[in-house]
Amino acid sequence: VQLQASGGGLVQAGGSLRLSCAASGRTFSRLTMGWFRQAPGKEREFVAAIRWSDNGRFYADSVKGRFTTSRDNAKNTLYLQMNNLEPGDTAVYSCAAGTKSPIASWIRVPSAYDYWGQGTLVTVSS
């Protein structure tokens with residue numbers, strides 16, 4: 001699976017961005033897809049995920065109510081709509097694909113994902 005994230009940029013606090021992740025090489029509709037981010041000097045952290053079986057969505061507490069992930073299986077594309085952005089959201093955002101059975105226990109764990117795209121930088125100014 002090849003993943004290509006895009007849509008990052010510079011935005012002021014309170015603004016919005018939409019990230020996209022284009023997938024190829026495997027049946028996208030059978031992949032659990034996740035978003036992760038890594039800020040300078042910090043470890044990679046879970047942001048959001050959507051599983052293929054029922055489109056169930058999972059969010060980190062820090063982004064719940066502000067971020068929404070969705071997928072378009074016809075376009076093999078994953079999205080992350082980010083609203084009301086805060087300076088603390090500044091990070092490199094990466095998408096990932098998981099092939100394991102879509103149970104909730106591993107969805108927030110980066111090492112459980114099988115494929116990763118390159119990141120896209122999101123910078124939120126105060």
# chains A, B, ... in the order shown; residues from 1 in each chain; ligands from 1
call {"tool": "residues_around", "arguments": {"residues": "range 42-54 of chain A", "least_positions_apart": "5", "cutoff": "12 Å", "atoms": "only C-alpha atoms", "output": "NGL selection string"}}
result
:A and (27-37 or 59-73 or 76-82 or 88-113 or 119)
call {"tool": "select_by_dssp", "arguments": {"residues": "chain A", "states": "strand (DSSP E or B)", "output": "MDAnalysis selection string"}}
result
chainID A and resid 2:6 9:12 17:24 32:38 45:50 57:59 67:72 77:82 91:98 115:116 118 120:125
call {"tool": "closest_residue", "arguments": {"among": "A:Ala74, A:Leu17, A:Val11, A:Ala22", "to": "Val124 in chain A", "atoms": "only C-alpha atoms"}}
result
A:Val11
call {"tool": "select_by_dssp", "arguments": {"residues": "chain A", "states": "helix (DSSP H, G or I)", "output": "MDAnalysis selection string"}}
result
chainID A and resid 28:30 87:89 104:106 110:112
call {"tool": "residues_around", "arguments": {"residues": "Gln2 in chain A", "least_positions_apart": "5", "cutoff": "10 Å", "atoms": "only C-alpha atoms", "output": "MDAnalysis selection string"}}
result
chainID A and resid 21:26 96:97 115:118
call {"tool": "write_last_selection", "arguments": {"atoms": "all heavy atoms", "output": "short mmCIF file (atom, residue, chain, number, x, y, z; two decimals), in the first residue's frame"}}
result
data_model
loop_
_atom_site.label_atom_id
_atom_site.label_comp_id
_atom_site.auth_asym_id
_atom_site.auth_seq_id
_atom_site.Cartn_x
_atom_site.Cartn_y
_atom_site.Cartn_z
N CYS A 21 -5.40 11.89 2.29
CA CYS A 21 -4.44 10.79 2.20
C CYS A 21 -4.91 9.87 1.08
O CYS A 21 -5.92 9.18 1.23
CB CYS A 21 -4.34 10.04 3.52
SG CYS A 21 -3.30 8.56 3.46
N ALA A 22 -4.19 9.88 -0.02
CA ALA A 22 -4.54 9.04 -1.16
C ALA A 22 -3.84 7.69 -1.04
O ALA A 22 -2.64 7.63 -0.78
CB ALA A 22 -4.13 9.73 -2.46
N ALA A 23 -4.60 6.63 -1.23
CA ALA A 23 -4.06 5.28 -1.09
C ALA A 23 -4.10 4.54 -2.41
O ALA A 23 -4.99 4.75 -3.24
CB ALA A 23 -4.87 4.52 -0.04
N SER A 24 -3.15 3.65 -2.58
CA SER A 24 -3.12 2.80 -3.77
C SER A 24 -2.44 1.49 -3.41
O SER A 24 -1.71 1.40 -2.42
CB SER A 24 -2.38 3.48 -4.91
OG SER A 24 -1.03 3.72 -4.56
N GLY A 25 -2.70 0.47 -4.19
CA GLY A 25 -1.98 -0.79 -4.05
C GLY A 25 -2.70 -1.89 -3.33
O GLY A 25 -2.24 -3.01 -3.29
N ARG A 26 -3.81 -1.58 -2.71
CA ARG A 26 -4.56 -2.61 -1.99
C ARG A 26 -6.00 -2.14 -1.88
O ARG A 26 -6.27 -0.95 -2.01
CB ARG A 26 -3.96 -2.84 -0.61
CG ARG A 26 -4.59 -4.01 0.15
CD ARG A 26 -3.74 -4.47 1.29
NE ARG A 26 -4.39 -5.53 2.04
CZ ARG A 26 -3.75 -6.44 2.74
NH1 ARG A 26 -2.44 -6.44 2.79
NH2 ARG A 26 -4.41 -7.37 3.40
N ALA A 96 -1.86 6.36 8.07
CA ALA A 96 -1.39 4.99 8.17
C ALA A 96 -2.54 4.04 7.87
O ALA A 96 -3.70 4.37 8.08
CB ALA A 96 -0.84 4.73 9.57
N ALA A 97 -2.18 2.85 7.42
CA ALA A 97 -3.16 1.84 7.07
C ALA A 97 -2.89 0.56 7.85
O ALA A 97 -1.74 0.11 7.94
CB ALA A 97 -3.13 1.54 5.57
N TYR A 115 1.26 0.14 7.14
CA TYR A 115 1.76 1.02 6.08
C TYR A 115 1.63 2.48 6.53
O TYR A 115 0.65 2.86 7.16
CB TYR A 115 0.97 0.81 4.78
CG TYR A 115 0.96 -0.61 4.30
CD1 TYR A 115 -0.11 -1.45 4.59
CD2 TYR A 115 2.03 -1.13 3.57
CE1 TYR A 115 -0.13 -2.77 4.17
CE2 TYR A 115 2.02 -2.44 3.13
CZ TYR A 115 0.94 -3.26 3.43
OH TYR A 115 0.94 -4.56 3.00
N TRP A 116 2.62 3.26 6.11
CA TRP A 116 2.66 4.68 6.48
C TRP A 116 2.96 5.54 5.26
O TRP A 116 3.74 5.15 4.39
CB TRP A 116 3.76 4.91 7.53
CG TRP A 116 3.42 4.35 8.85
CD1 TRP A 116 3.57 3.05 9.27
CD2 TRP A 116 2.82 5.05 9.95
NE1 TRP A 116 3.12 2.91 10.56
CE2 TRP A 116 2.66 4.12 11.00
CE3 TRP A 116 2.42 6.37 10.15
CZ2 TRP A 116 2.10 4.47 12.23
CZ3 TRP A 116 1.89 6.71 11.37
CH2 TRP A 116 1.72 5.77 12.40
N GLY A 117 2.32 6.69 5.24
CA GLY A 117 2.66 7.68 4.23
C GLY A 117 3.65 8.68 4.79
O GLY A 117 3.94 8.70 5.99
N GLN A 118 4.16 9.51 3.92
CA GLN A 118 5.04 10.58 4.40
C GLN A 118 4.14 11.63 5.06
O GLN A 118 2.95 11.66 4.85
CB GLN A 118 5.85 11.19 3.24
CG GLN A 118 5.25 12.41 2.57
CD GLN A 118 3.91 12.16 1.93
OE1 GLN A 118 3.51 11.03 1.70
NE2 GLN A 118 3.18 13.22 1.66
#
call {"tool": "closest_residue", "arguments": {"among": "A:Pro87, A:Gly41, A:Gly56, A:Gly7", "to": "Ser20 in chain A", "atoms": "only C-alpha atoms"}}
result
A:Gly7
call {"tool": "closest_residue", "arguments": {"among": "A:Asn84, A:Thr120, A:Ser126, A:Gln38", "to": "Gly8 in chain A", "atoms": "only C-alpha atoms"}}
result
A:Thr120
